[in-house]
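**Q** Got a structure for you, questions after.
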2 protein chains.
Amino acid sequence: MTKQLTFKNLPHKTIERLSQYRRALLLCLSNGKTHIFSHEIAKIQHITSVQVRRDLMLIGYSGTLRKGYNIEELINLIGNIIDSEEGINVAIVGMGNLGRALINYFTGKRHKLEIVAGFDTNPDKIGNRFSGVECYSITELNKIIKQKDIKVGIITVPADQTTETAKTLVKAGIKGILNYTPKPIDVPDDVYLEEYDMITTLEKVAFYVKMSDE
Amino acid sequence: MTKQLTFKNLPHKTIERLSQYRRALLLCLSNGKTHIFSHEIAKIQHITSVQVRRDLMLIGYSGTLRKGYNIEELINLIGNIIDSEEGINVAIVGMGNLGRALINYFTGKRHKLEIVAGFDTNPDKIGNRFSGVECYSITELNKIIKQKDIKVGIITVPADQTTETAKTLVKAGIKGILNYTPKPIDVPDDVYLEEYDMITTLEKVAFYVKMSDE
């Protein structure tokens, strides 16, 4: 397990990029490509080829000068690093438009990462399936999380329910949270948290558009 | 306008954080708070207070040792930097769950940034309003973008339509694009691009959950 321990120290940004490389590589593979150069990956990702080579060196992979990287090999290697062998089950709390969009989006994309339950308070949604994912009552959260061995929770509830939802997830034993609401949350040290606020990204784009005008 | 030119060179990450600070400050203000210390902002944002002070120094703002920062003043200052005086109009292309979620999410949150049109190919959606935003046919995109002076486009179409949609937006004169599809795009140098792939974020959370298990 010493190798795994090394990967544990990979920079956060490298992990993100490995996931992005794999996405690009899967696309290339489905187009019949077998090998790829670092500068080709770089172009797709809008980064430098030095960055690509540095990331792949960190995971101990190098291509050949003549043909570049073997796409299938690299996809498998990234999978070995990022994916959990037995797979990781995910739940979505909040089955509004965003929750349902995420389910549509993920379904069938990564077989080692599966959304296995949705939760909501709306009786019209509870008991229904959305793109194959059953929606349960939030009151059953604790039970279902344990029953289905769910490790990651995605929060897509209205902002005023964010704090409560995060607490419930942590209490149920969730180990990773992705918070898509505009309300920042706090989690214990042993829970990994990612927060994404769409307003921030839109404001950033708007800022650079404004600046290009001046 | 020399001051504006200085802001143009603010690091991308600082722009993101300023937007996040404002969000946190608006929340504090609505709770009746008038002043705040850097370490309080830092705690909400899960960063260090040194980072907060450095960002605010970059925009020329400093608080008092005793009371900290004046929240209302700071909100206004950030607004002067990030927001465009006349406001920026935004369009969403792809009125599926994600497009509609974004509309719900943004509506009324920032008065200088407004989603003024949605586009889709589905005849059941065209002509309808979603949270007050009219959905037009994609064939009218060019006309509506010009008519409504839309500067930013958000892409939420299915992945196989991403490239075509981006081309149409650029051709219509859009200056900033936010791509929420899993397919990376290319834009000319004078168009600002942000891409966000939800799978990447979820894979990152799953990776750290897996690592904490080992």
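Residues in the structure tokens are numbered from 1 in each chain, the chains being A, B, ... in the order shown, and ligands are numbered from 1 in the order shown.
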Please, which residues of chain B lie no more than 8 Å from chain A when the count uses only C-alpha atoms, and can they be set out as a PyMOL selection string?

**A** chain B and resi 8+12+15-16+19-20+44-45+82-84+88+96-98+100-102+106+113+151-152+175-178+184-185+190-194+198-212

**Q** Please provide as a list in words all residues within 7 Å of range 71-74 of chain A, with the sequence filter that same-chain residues fewer than 5 positions apart are discarded (counting only C-alpha atoms).

**A**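 With the cut-off at 7 Å, the set is Leu25, Leu29, Thr34, His35 and Ile36 of chain A.
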
**Q** What does the file look like for those residues with N, CA and C atoms, as a PDB file, in the first residue's frame?

**A**
ATOM      1  N   LEU A  25      -9.474  11.782 -22.521  1.00  0.00           N
ATOM      2  CA  LEU A  25      -8.940  10.553 -23.098  1.00  0.00           C
ATOM      3  C   LEU A  25     -10.057   9.595 -23.508  1.00  0.00           C
ATOM      4  N   LEU A  29     -10.571   8.133 -27.148  1.00  0.00           N
ATOM      5  CA  LEU A  29     -10.640   6.686 -27.359  1.00  0.00           C
ATOM      6  C   LEU A  29     -11.898   6.322 -28.146  1.00  0.00           C
ATOM      7  N   THR A  34      -5.566   5.984 -30.509  1.00  0.00           N
ATOM      8  CA  THR A  34      -4.919   5.044 -29.579  1.00  0.00           C
ATOM      9  C   THR A  34      -3.791   5.702 -28.777  1.00  0.00           C
ATOM     10  N   HIS A  35      -3.140   6.735 -29.359  1.00  0.00           N
ATOM     11  CA  HIS A  35      -2.051   7.414 -28.671  1.00  0.00           C
ATOM     12  C   HIS A  35      -2.266   8.925 -28.708  1.00  0.00           C
ATOM     13  N   ILE A  36      -1.676   9.599 -27.731  1.00  0.00           N
ATOM     14  CA  ILE A  36      -1.866  11.056 -27.673  1.00  0.00           C
ATOM     15  C   ILE A  36      -0.605  11.718 -27.098  1.00  0.00           C
TER      16      ILE A  36
END

**Q** I'd like to know which residues of range 8-181 of chain A are helix (DSSP H, G or I) (by DSSP, run on the backbone); could you write them as an MDAnalysis selection string?

**A** chainID A and resid 8 12:30 38:45 49:58 71:82 97:106 138:147 159:171

**Q** Can you tell me how far CA of Leu10 in chain A sits from CA of Ala166 in chain A, in Å to one decimal?

**A** 27.0 Å

**Q** When distances are computed from only C-alpha atoms, which of B:Met95, B:Leu26, B:Ile103, B:Lys167 shows the smallest separation from Gly127 in chain B?

**A**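 Of all the options, B:Met95 lies closest to Gly127 in chain B.
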
**Q** Between CA of Ile59 in chain B and CA of Leu77 in chain B, what is the distance, to one decimal in Å?

**A** 8.4 Å

**Q** Report as a ChimeraX atom specification: the residues of range 75-167 of chain B with a DSSP assignment of strand (DSSP E), based on the backbone of this structure.

**A** /B:88-93,113-120,129-130,133-137,150-155

**Q** If you measure from CA of Ser38 in chain B to CA of Val50 in chain B, what distance in Å do you get, rounded to one decimal?

**A** 7.9 Å

**Q** Using only C-alpha atoms, which protein or nucleic acid residues come within 10 Å of Glu40 in chain B? Drop anything in the same chain fewer than 6 positions from it, and give the result as a PDB file with N, CA, C and O atoms, in the first residue's frame.

**A**
ATOM      1  N   HIS B  46     -13.377  29.114   4.951  1.00  0.00           N
ATOM      2  CA  HIS B  46     -12.400  28.026   5.126  1.00  0.00           C
ATOM      3  C   HIS B  46     -11.031  28.390   4.551  1.00  0.00           C
ATOM      4  O   HIS B  46     -10.390  27.583   3.860  1.00  0.00           O
ATOM      5  N   THR B  48      -7.341  31.229   5.299  1.00  0.00           N
ATOM      6  CA  THR B  48      -6.650  31.899   6.403  1.00  0.00           C
ATOM      7  C   THR B  48      -6.986  33.395   6.412  1.00  0.00           C
ATOM      8  O   THR B  48      -7.334  33.972   5.380  1.00  0.00           O
ATOM      9  N   SER B  49      -6.859  34.015   7.584  1.00  0.00           N
ATOM     10  CA  SER B  49      -7.162  35.446   7.662  1.00  0.00           C
ATOM     11  C   SER B  49      -6.086  36.256   6.939  1.00  0.00           C
ATOM     12  O   SER B  49      -6.335  37.366   6.474  1.00  0.00           O
ATOM     13  N   VAL B  52      -7.366  36.683   3.484  1.00  0.00           N
ATOM     14  CA  VAL B  52      -8.431  37.694   3.431  1.00  0.00           C
ATOM     15  C   VAL B  52      -7.814  39.087   3.433  1.00  0.00           C
ATOM     16  O   VAL B  52      -8.140  39.934   2.593  1.00  0.00           O
ATOM     17  N   GLY B  68     -12.728  46.126  13.122  1.00  0.00           N
ATOM     18  CA  GLY B  68     -12.663  45.321  11.899  1.00  0.00           C
ATOM     19  C   GLY B  68     -13.147  46.108  10.691  1.00  0.00           C
ATOM     20  O   GLY B  68     -13.115  47.333  10.672  1.00  0.00           O
TER      21      GLY B  68
END

**Q** Which residues are near range 129-137 of chain A? Cut-off 8 Å, only C-alpha atoms, ignore same chain within fewer than 4 positions. Put them as a ChimeraX atom specification.

**A** /A:95,100,103-104,107,115-123,125,141

**Q** Those residues you just picked out, can you put them in a file as an mmCIF file, in the first residue's frame with N, CA and C atoms?

**A**
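Output below, filename part26.cif:
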data_model
loop_
_atom_site.group_PDB
_atom_site.id
_atom_site.type_symbol
_atom_site.label_atom_id
_atom_site.label_comp_id
_atom_site.auth_asym_id
_atom_site.auth_seq_id
_atom_site.Cartn_x
_atom_site.Cartn_y
_atom_site.Cartn_z
ATOM 1 N N MET A 95 -34.151 17.229 -4.415
ATOM 2 C CA MET A 95 -34.425 16.705 -5.753
ATOM 3 C C MET A 95 -35.153 17.737 -6.609
ATOM 4 N N ARG A 100 -31.949 16.931 -9.898
ATOM 5 C CA ARG A 100 -32.331 16.062 -11.021
ATOM 6 C C ARG A 100 -31.370 16.234 -12.193
ATOM 7 N N ILE A 103 -28.352 14.108 -11.497
ATOM 8 C CA ILE A 103 -28.618 12.680 -11.720
ATOM 9 C C ILE A 103 -28.561 12.366 -13.217
ATOM 10 N N ASN A 104 -29.241 13.166 -14.029
ATOM 11 C CA ASN A 104 -29.201 12.963 -15.486
ATOM 12 C C ASN A 104 -27.776 12.948 -15.992
ATOM 13 N N THR A 107 -25.547 9.772 -14.620
ATOM 14 C CA THR A 107 -26.006 8.403 -14.827
ATOM 15 C C THR A 107 -25.241 7.699 -15.949
ATOM 16 N N ILE A 115 -24.802 7.328 -8.151
ATOM 17 C CA ILE A 115 -25.829 7.969 -7.331
ATOM 18 C C ILE A 115 -26.906 6.917 -7.071
ATOM 19 N N VAL A 116 -27.029 6.537 -5.803
ATOM 20 C CA VAL A 116 -27.918 5.414 -5.490
ATOM 21 C C VAL A 116 -29.180 5.835 -4.735
ATOM 22 N N ALA A 117 -29.253 7.113 -4.341
ATOM 23 C CA ALA A 117 -30.461 7.574 -3.647
ATOM 24 C C ALA A 117 -30.590 9.086 -3.733
ATOM 25 N N GLY A 118 -31.850 9.536 -3.754
ATOM 26 C CA GLY A 118 -32.147 10.961 -3.659
ATOM 27 C C GLY A 118 -33.036 11.174 -2.441
ATOM 28 N N PHE A 119 -32.969 12.372 -1.875
ATOM 29 C CA PHE A 119 -33.816 12.673 -0.720
ATOM 30 C C PHE A 119 -34.516 14.017 -0.920
ATOM 31 N N ASP A 120 -35.755 14.106 -0.434
ATOM 32 C CA ASP A 120 -36.490 15.360 -0.524
ATOM 33 C C ASP A 120 -37.566 15.375 0.559
ATOM 34 N N THR A 121 -38.158 16.544 0.754
ATOM 35 C CA THR A 121 -39.249 16.642 1.726
ATOM 36 C C THR A 121 -40.603 16.668 1.017
ATOM 37 N N ASN A 122 -40.583 16.862 -0.282
ATOM 38 C CA ASN A 122 -41.817 17.000 -1.060
ATOM 39 C C ASN A 122 -42.484 15.637 -1.291
ATOM 40 N N PRO A 123 -43.724 15.457 -0.743
ATOM 41 C CA PRO A 123 -44.408 14.164 -0.868
ATOM 42 C C PRO A 123 -44.658 13.757 -2.333
ATOM 43 N N LYS A 125 -42.567 13.980 -4.664
ATOM 44 C CA LYS A 125 -41.347 13.388 -5.222
ATOM 45 C C LYS A 125 -41.003 12.054 -4.556
ATOM 46 N N LEU A 141 -33.192 9.389 5.797
ATOM 47 C CA LEU A 141 -31.812 9.570 5.355
ATOM 48 C C LEU A 141 -30.820 8.689 6.106
#
